[in-house]
$ cat model-v8.pdb   # PDB, C-alpha atoms and all ligand atoms
MODEL        1
ATOM      1  CA  MET A 372      59.144  11.741  62.729
ATOM      2  CA  ARG A 373      59.976   8.946  60.255
ATOM      3  CA  ILE A 374      57.341   8.557  57.585
ATOM      4  CA  ILE A 375      56.770   6.699  54.332
ATOM      5  CA  ILE A 376      54.258   8.244  51.966
ATOM      6  CA  LEU A 377      52.557   5.637  49.820
ATOM      7  CA  GLY A 378      49.951   5.729  47.087
ATOM      8  CA  PRO A 379      49.464   5.291  43.352
ATOM      9  CA  PRO A 380      51.402   7.509  40.936
ATOM     10  CA  GLY A 381      49.641  10.853  40.653
ATOM     11  CA  SER A 382      47.788  10.496  43.957
ATOM     12  CA  GLY A 383      49.442  13.682  45.228
ATOM     13  CA  LYS A 384      52.229  12.017  47.239
ATOM     14  CA  GLY A 385      54.909  14.459  46.144
ATOM     15  CA  THR A 386      52.880  17.554  47.018
ATOM     16  CA  ARG A 387      51.919  16.133  50.403
ATOM     17  CA  ALA A 388      55.494  14.987  51.118
ATOM     18  CA  LYS A 389      56.805  18.534  50.555
ATOM     19  CA  ILE A 390      54.126  20.017  52.839
ATOM     20  CA  ILE A 391      54.878  17.456  55.573
ATOM     21  CA  GLY A 392      58.620  18.056  55.239
ATOM     22  CA  LYS A 393      58.069  21.770  55.920
ATOM     23  CA  LEU A 394      55.513  21.149  58.659
ATOM     24  CA  TYR A 395      57.840  18.919  60.703
ATOM     25  CA  GLY A 396      61.216  20.256  59.516
ATOM     26  CA  ILE A 397      62.323  16.901  58.102
ATOM     27  CA  PRO A 398      64.044  16.110  54.784
ATOM     28  CA  VAL A 399      61.971  14.712  51.915
ATOM     29  CA  ILE A 400      63.696  11.859  50.097
ATOM     30  CA  THR A 401      62.058  11.334  46.701
ATOM     31  CA  THR A 402      63.343   8.309  44.791
ATOM     32  CA  GLY A 403      61.845   9.460  41.474
ATOM     33  CA  ASP A 404      63.901  12.698  41.741
ATOM     34  CA  LEU A 405      67.066  10.833  42.805
ATOM     35  CA  LEU A 406      66.683   8.457  39.852
ATOM     36  CA  ARG A 407      66.030  11.311  37.407
ATOM     37  CA  GLU A 408      69.182  13.015  38.746
ATOM     38  CA  SER A 409      71.140   9.863  37.992
ATOM     39  CA  VAL A 410      69.698   9.889  34.425
ATOM     40  CA  ASN A 411      70.813  13.519  33.998
ATOM     41  CA  GLN A 412      74.351  12.625  35.082
ATOM     42  CA  GLY A 413      74.595  10.437  31.965
ATOM     43  CA  THR A 414      76.474   7.582  33.695
ATOM     44  CA  ASP A 415      76.050   3.910  32.634
ATOM     45  CA  GLN A 416      73.748   3.455  35.589
ATOM     46  CA  GLY A 417      71.787   6.568  34.565
ATOM     47  CA  ARG A 418      71.306   5.172  31.043
ATOM     48  CA  THR A 419      69.962   1.907  32.474
ATOM     49  CA  VAL A 420      67.624   3.791  34.840
ATOM     50  CA  LYS A 421      66.279   5.865  31.924
ATOM     51  CA  THR A 422      65.073   2.797  30.000
ATOM     52  CA  TYR A 423      62.981   1.653  32.978
ATOM     53  CA  ILE A 424      61.509   5.068  33.792
ATOM     54  CA  GLU A 425      60.497   5.693  30.180
ATOM     55  CA  ARG A 426      58.590   2.412  30.053
ATOM     56  CA  GLY A 427      56.931   3.075  33.421
ATOM     57  CA  GLU A 428      58.661   0.001  34.907
ATOM     58  CA  LEU A 429      60.271  -0.235  38.329
ATOM     59  CA  VAL A 430      64.029   0.357  38.254
ATOM     60  CA  PRO A 431      65.864  -2.809  39.500
ATOM     61  CA  ASP A 432      65.919  -3.149  43.277
ATOM     62  CA  GLU A 433      69.709  -3.282  43.645
ATOM     63  CA  ILE A 434      70.048   0.143  41.981
ATOM     64  CA  VAL A 435      67.234   1.857  43.914
ATOM     65  CA  ILE A 436      68.135   0.327  47.264
ATOM     66  CA  GLY A 437      71.783   1.408  46.799
ATOM     67  CA  ILE A 438      70.733   4.980  45.995
ATOM     68  CA  VAL A 439      68.347   5.207  48.969
ATOM     69  CA  GLU A 440      70.852   3.652  51.347
ATOM     70  CA  ASN A 441      73.501   6.204  50.324
ATOM     71  CA  LYS A 442      71.049   9.054  50.784
ATOM     72  CA  LEU A 443      69.864   7.830  54.200
ATOM     73  CA  LYS A 444      73.501   7.521  55.363
ATOM     74  CA  LYS A 445      73.828  11.287  54.936
ATOM     75  CA  GLU A 446      70.748  12.055  57.056
ATOM     76  CA  ASN A 447      70.241  12.063  60.776
ATOM     77  CA  LEU A 448      67.749   9.212  60.963
ATOM     78  CA  ARG A 449      66.878  10.055  64.575
ATOM     79  CA  LYS A 450      65.683  13.488  63.543
ATOM     80  CA  GLY A 451      63.427  11.949  60.906
ATOM     81  CA  PHE A 452      62.629  11.929  57.207
ATOM     82  CA  ILE A 453      59.812  11.392  54.783
ATOM     83  CA  LEU A 454      60.324   8.825  52.041
ATOM     84  CA  ASP A 455      58.379   9.518  48.847
ATOM     85  CA  GLY A 456      58.377   6.728  46.243
ATOM     86  CA  PHE A 457      60.189   4.110  48.326
ATOM     87  CA  PRO A 458      59.628   1.302  49.132
ATOM     88  CA  ARG A 459      57.668   0.172  46.073
ATOM     89  CA  ASN A 460      57.744  -3.593  46.550
ATOM     90  CA  ILE A 461      58.270  -6.164  49.289
ATOM     91  CA  THR A 462      62.035  -6.539  48.634
ATOM     92  CA  GLN A 463      62.503  -2.781  49.047
ATOM     93  CA  ALA A 464      60.336  -2.740  52.198
ATOM     94  CA  GLU A 465      62.517  -5.483  53.709
ATOM     95  CA  ALA A 466      65.699  -3.619  52.728
ATOM     96  CA  LEU A 467      64.398  -0.444  54.385
ATOM     97  CA  ASP A 468      63.482  -2.358  57.499
ATOM     98  CA  LYS A 469      67.057  -3.681  57.699
ATOM     99  CA  ILE A 470      68.630  -0.232  57.175
ATOM    100  CA  LEU A 471      66.448   1.271  59.934
ATOM    101  CA  ARG A 472      67.095  -1.628  62.314
ATOM    102  CA  ASN A 473      70.866  -1.339  61.773
ATOM    103  CA  ASN A 474      70.565   2.308  62.777
ATOM    104  CA  GLY A 475      68.414   1.565  65.813
ATOM    105  CA  VAL A 476      65.366   3.494  64.576
ATOM    106  CA  GLU A 477      61.816   2.592  63.572
ATOM    107  CA  LEU A 478      59.220   3.948  61.200
ATOM    108  CA  ASP A 479      56.503   6.009  62.861
ATOM    109  CA  PHE A 480      53.868   6.146  60.128
ATOM    110  CA  VAL A 481      52.973   5.032  56.638
ATOM    111  CA  LEU A 482      50.749   7.693  55.170
ATOM    112  CA  TYR A 483      48.550   6.250  52.446
ATOM    113  CA  VAL A 484      47.276   8.751  49.876
ATOM    114  CA  LYS A 485      43.989   7.618  48.365
ATOM    115  CA  ALA A 486      42.883   8.744  44.906
ATOM    116  CA  GLU A 487      40.606   7.382  42.190
ATOM    117  CA  PRO A 488      42.151   6.189  38.881
ATOM    118  CA  GLU A 489      40.208   8.816  36.849
ATOM    119  CA  THR A 490      41.649  11.622  39.018
ATOM    120  CA  ILE A 491      45.117  10.185  38.552
ATOM    121  CA  VAL A 492      45.031  10.028  34.755
ATOM    122  CA  LYS A 493      43.560  13.550  34.522
ATOM    123  CA  ARG A 494      46.112  14.900  36.972
ATOM    124  CA  LEU A 495      49.200  13.305  35.458
ATOM    125  CA  SER A 496      48.417  14.134  31.849
ATOM    126  CA  LEU A 497      48.183  17.851  32.770
ATOM    127  CA  ARG A 498      51.130  17.788  35.181
ATOM    128  CA  ARG A 499      54.178  19.873  34.329
ATOM    129  CA  SER A 500      57.333  19.999  36.402
ATOM    130  CA  CYS A 501      60.379  22.178  36.618
ATOM    131  CA  PRO A 502      63.530  20.269  35.623
ATOM    132  CA  LYS A 503      65.667  22.710  37.655
ATOM    133  CA  CYS A 504      63.982  23.200  41.057
ATOM    134  CA  GLY A 505      61.437  20.355  41.032
ATOM    135  CA  ALA A 506      58.342  22.583  41.456
ATOM    136  CA  ILE A 507      55.164  20.870  40.272
ATOM    137  CA  TYR A 508      52.257  22.503  38.396
ATOM    138  CA  HIS A 509      48.945  21.435  36.914
ATOM    139  CA  LEU A 510      47.868  23.264  33.768
ATOM    140  CA  LYS A 511      44.279  23.532  34.996
ATOM    141  CA  ASP A 512      44.333  23.428  38.815
ATOM    142  CA  LYS A 513      47.694  25.047  39.577
ATOM    143  CA  PRO A 514      48.877  26.793  36.406
ATOM    144  CA  PRO A 515      52.168  28.709  36.346
ATOM    145  CA  LYS A 516      51.768  32.516  36.192
ATOM    146  CA  ASN A 517      53.719  32.740  32.927
ATOM    147  CA  ASP A 518      52.949  30.351  30.118
ATOM    148  CA  GLU A 519      54.718  27.059  30.977
ATOM    149  CA  MET A 520      57.566  28.788  32.889
ATOM    150  CA  CYS A 521      58.428  27.996  36.523
ATOM    151  CA  ASP A 522      57.178  30.643  39.011
ATOM    152  CA  GLU A 523      60.059  29.797  41.373
ATOM    153  CA  CYS A 524      63.095  29.850  39.072
ATOM    154  CA  GLY A 525      61.922  30.841  35.578
ATOM    155  CA  SER A 526      62.947  27.590  33.841
ATOM    156  CA  ARG A 527      60.801  26.148  31.066
ATOM    157  CA  LEU A 528      58.424  23.523  32.479
ATOM    158  CA  LEU A 529      58.417  19.996  31.041
ATOM    159  CA  GLN A 530      55.990  17.147  30.791
ATOM    160  CA  ARG A 531      57.678  14.010  32.111
ATOM    161  CA  SER A 532      58.021  11.393  29.356
ATOM    162  CA  ASP A 533      56.310   8.859  31.652
ATOM    163  CA  ASP A 534      53.254  11.116  32.158
ATOM    164  CA  ARG A 535      51.782  10.097  28.767
ATOM    165  CA  GLU A 536      48.474   8.253  29.078
ATOM    166  CA  GLU A 537      49.664   4.788  27.961
ATOM    167  CA  VAL A 538      52.642   4.888  30.341
ATOM    168  CA  ILE A 539      50.433   6.177  33.193
ATOM    169  CA  LEU A 540      48.139   3.158  32.793
ATOM    170  CA  HIS A 541      51.125   0.809  32.911
ATOM    171  CA  ARG A 542      52.465   2.542  36.052
ATOM    172  CA  LEU A 543      49.069   2.035  37.684
ATOM    173  CA  GLU A 544      49.143  -1.695  36.854
ATOM    174  CA  ILE A 545      52.602  -1.992  38.385
ATOM    175  CA  TYR A 546      51.405  -0.138  41.466
ATOM    176  CA  GLU A 547      48.577  -2.652  41.926
ATOM    177  CA  GLU A 548      50.868  -5.639  41.354
ATOM    178  CA  SER A 549      53.985  -4.668  43.283
ATOM    179  CA  THR A 550      53.320  -1.721  45.583
ATOM    180  CA  ARG A 551      49.845  -2.367  46.953
ATOM    181  CA  PRO A 552      51.005  -5.573  48.743
ATOM    182  CA  ILE A 553      53.349  -3.525  50.947
ATOM    183  CA  LEU A 554      50.364  -1.541  52.172
ATOM    184  CA  GLU A 555      49.020  -4.832  53.576
ATOM    185  CA  LEU A 556      52.364  -5.421  55.278
ATOM    186  CA  TYR A 557      52.274  -2.035  57.031
ATOM    187  CA  LEU A 558      48.555  -2.367  57.854
ATOM    188  CA  ASN A 559      49.465  -5.504  59.815
ATOM    189  CA  GLN A 560      52.044  -3.449  61.730
ATOM    190  CA  GLY A 561      49.371  -0.849  62.634
ATOM    191  CA  LYS A 562      51.405   1.977  61.061
ATOM    192  CA  VAL A 563      49.076   3.067  58.265
ATOM    193  CA  ARG A 564      47.172   6.375  58.331
ATOM    194  CA  GLU A 565      45.067   7.513  55.376
ATOM    195  CA  ILE A 566      44.739  10.910  53.744
ATOM    196  CA  SER A 567      42.746  11.959  50.690
ATOM    197  CA  GLY A 568      44.633  12.727  47.510
ATOM    198  CA  GLU A 569      41.781  14.908  46.291
ATOM    199  CA  MET A 570      41.521  17.825  48.746
ATOM    200  CA  GLU A 571      42.377  21.489  48.172
ATOM    201  CA  MET A 572      46.019  22.379  48.786
ATOM    202  CA  ASN A 573      45.356  24.807  51.650
ATOM    203  CA  LYS A 574      43.499  22.104  53.616
ATOM    204  CA  ILE A 575      46.388  19.613  53.488
ATOM    205  CA  PRO A 576      48.435  20.809  56.539
ATOM    206  CA  ASP A 577      45.459  20.558  58.920
ATOM    207  CA  ALA A 578      44.448  17.187  57.487
ATOM    208  CA  VAL A 579      47.989  15.884  57.962
ATOM    209  CA  ARG A 580      48.142  17.129  61.559
ATOM    210  CA  MET A 581      44.815  15.487  62.275
ATOM    211  CA  VAL A 582      45.820  12.052  60.966
ATOM    212  CA  LEU A 583      49.353  12.038  62.397
ATOM    213  CA  GLU A 584      48.794  13.826  65.708
ATOM    214  CA  GLY A 585      45.171  12.826  66.385
TER
HETATM  215  P1  LIG B 601      57.712   8.730  40.599
HETATM  216  O1  LIG B 601      58.248  10.094  40.321
HETATM  217  O2  LIG B 601      57.724   8.355  42.055
HETATM  218  O3  LIG B 601      56.370   8.480  39.951
HETATM  219  O4  LIG B 601      58.727   7.706  39.895
HETATM  220  C1  LIG B 601      58.974   7.760  38.527
HETATM  221  C2  LIG B 601      59.609   6.466  38.059
HETATM  222  O5  LIG B 601      60.861   6.278  38.733
HETATM  223  C3  LIG B 601      58.812   5.209  38.344
HETATM  224  O6  LIG B 601      57.808   4.961  37.380
HETATM  225  C4  LIG B 601      59.920   4.160  38.317
HETATM  226  O7  LIG B 601      60.327   3.899  36.973
HETATM  227  C5  LIG B 601      61.066   4.895  38.998
HETATM  228  N1  LIG B 601      61.048   4.706  40.473
HETATM  229  C6  LIG B 601      60.809   5.645  41.435
HETATM  230  N2  LIG B 601      60.910   5.106  42.664
HETATM  231  C7  LIG B 601      61.222   3.788  42.470
HETATM  232  C8  LIG B 601      61.441   2.687  43.344
HETATM  233  N3  LIG B 601      61.362   2.805  44.677
HETATM  234  N4  LIG B 601      61.730   1.483  42.776
HETATM  235  C9  LIG B 601      61.836   1.322  41.449
HETATM  236  N5  LIG B 601      61.617   2.317  40.560
HETATM  237  C10 LIG B 601      61.316   3.539  41.067
ENDMDL
END
$ encode --input "model-v8.pdb" --output "structure tokens" --more "lines below"
Ligand code: AMP
Amino acid sequence: MRIIILGPPGSGKGTRAKIIGKLYGIPVITTGDLLRESVNQGTDQGRTVKTYIERGELVPDEIVIGIVENKLKKENLRKGFILDGFPRNITQAEALDKILRNNGVELDFVLYVKAEPETIVKRLSLRRSCPKCGAIYHLKDKPPKNDEMCDECGSRLLQRSDDREEVILHRLEIYEESTRPILELYLNQGKVREISGEMEMNKIPDAVRMVLEG
């Protein structure tokens, strides 16, 4: 199964992508994580990427497309994947289309995660993530067992610098401007399925099966 998961920042895309990856045994490719890895490597490219992420802006297309293309080359595209955070604008959607066509495969679904702006701001400002293993927590709805430490690997949890309220609002504006138009593109192709970003965690697998398998 080849899936794109799409929705505003903080809609719950990452959580759903991980669940779907496990459910169907397919790799989850998360551009935000790949870009943060490049920042941590401290290369020139990583330093450039950092300035965009911190301002809540989209990282330039040529950088992101290059990173995704390299990652997809290492995967068996016939077996499937779930893309979380890519594409985020029309140029990226066209680049993805070309990569898939060159490999003789097609997208199966675009899963749109719907969430209200108030939910998003509340969720992101209380989000904490593990810099080591990528686990995600919410201080109110999914708190770690030990004060701000990761349940999985024991590392100290961090608030992402772009999860501050003023940056969140800017990320939402960019979503509306650049990312929402690609939803229209995929709606015209009949590939879009919708899932709520506001349901309890344990209900997500059944909801996913229902929208993707009917
Ligand atoms: P995310 O973790 O998906 O919310 O992404 C965090 C940040 O990484 C975004 O606000 C952008 O600065 C950058 N980013 C992630 N994916 C992309 C993409 N496909 N294109 C450009 N920038 C991206």
$ resolve_selection --input "model-v8.pdb" --expression "the PyMOL selection byres (((not hetatm)) within 10 of (chain B and resi 601))" --output "MDAnalysis selection string"
chainID A and resid 377:382 384:385 401:407 420:436 438:439 454:460 462:464 495 531:534 538:539 541:543 545:546 549:550
$ resolve_selection --input "model-v8.pdb" --expression "the PyMOL selection byres (((chain A and resi 386) around 12) and not hetatm)" --output "ChimeraX atom specification"
/A:376,380-385,387-393,399,401,455,484,498,500,505-509,513,568-573,575-576
$ closest_residue --input "model-v8.pdb" --among "A:Gln530, A:Asn411, A:Ser496, A:Asn474" --to "Glu440 (chain A)" --atoms "only C-alpha atoms"
A:Asn474
$ resolve_selection --input "model-v8.pdb" --expression "the PyMOL selection byres (((chain A and resi 522-526) around 12) and not hetatm)" --output "number ranges by chain"
A: 499-508, 513-521, 527-529
$ atom_distance --input "model-v8.pdb" --atom1 "CA of Lys445 (chain A)" --atom2 "CA of Tyr395 (chain A)"
18.6 Å
$ atom_distance --input "model-v8.pdb" --atom1 "CA of Lys450 (chain A)" --atom2 "CA of Val582 (chain A)"
20.1 Å
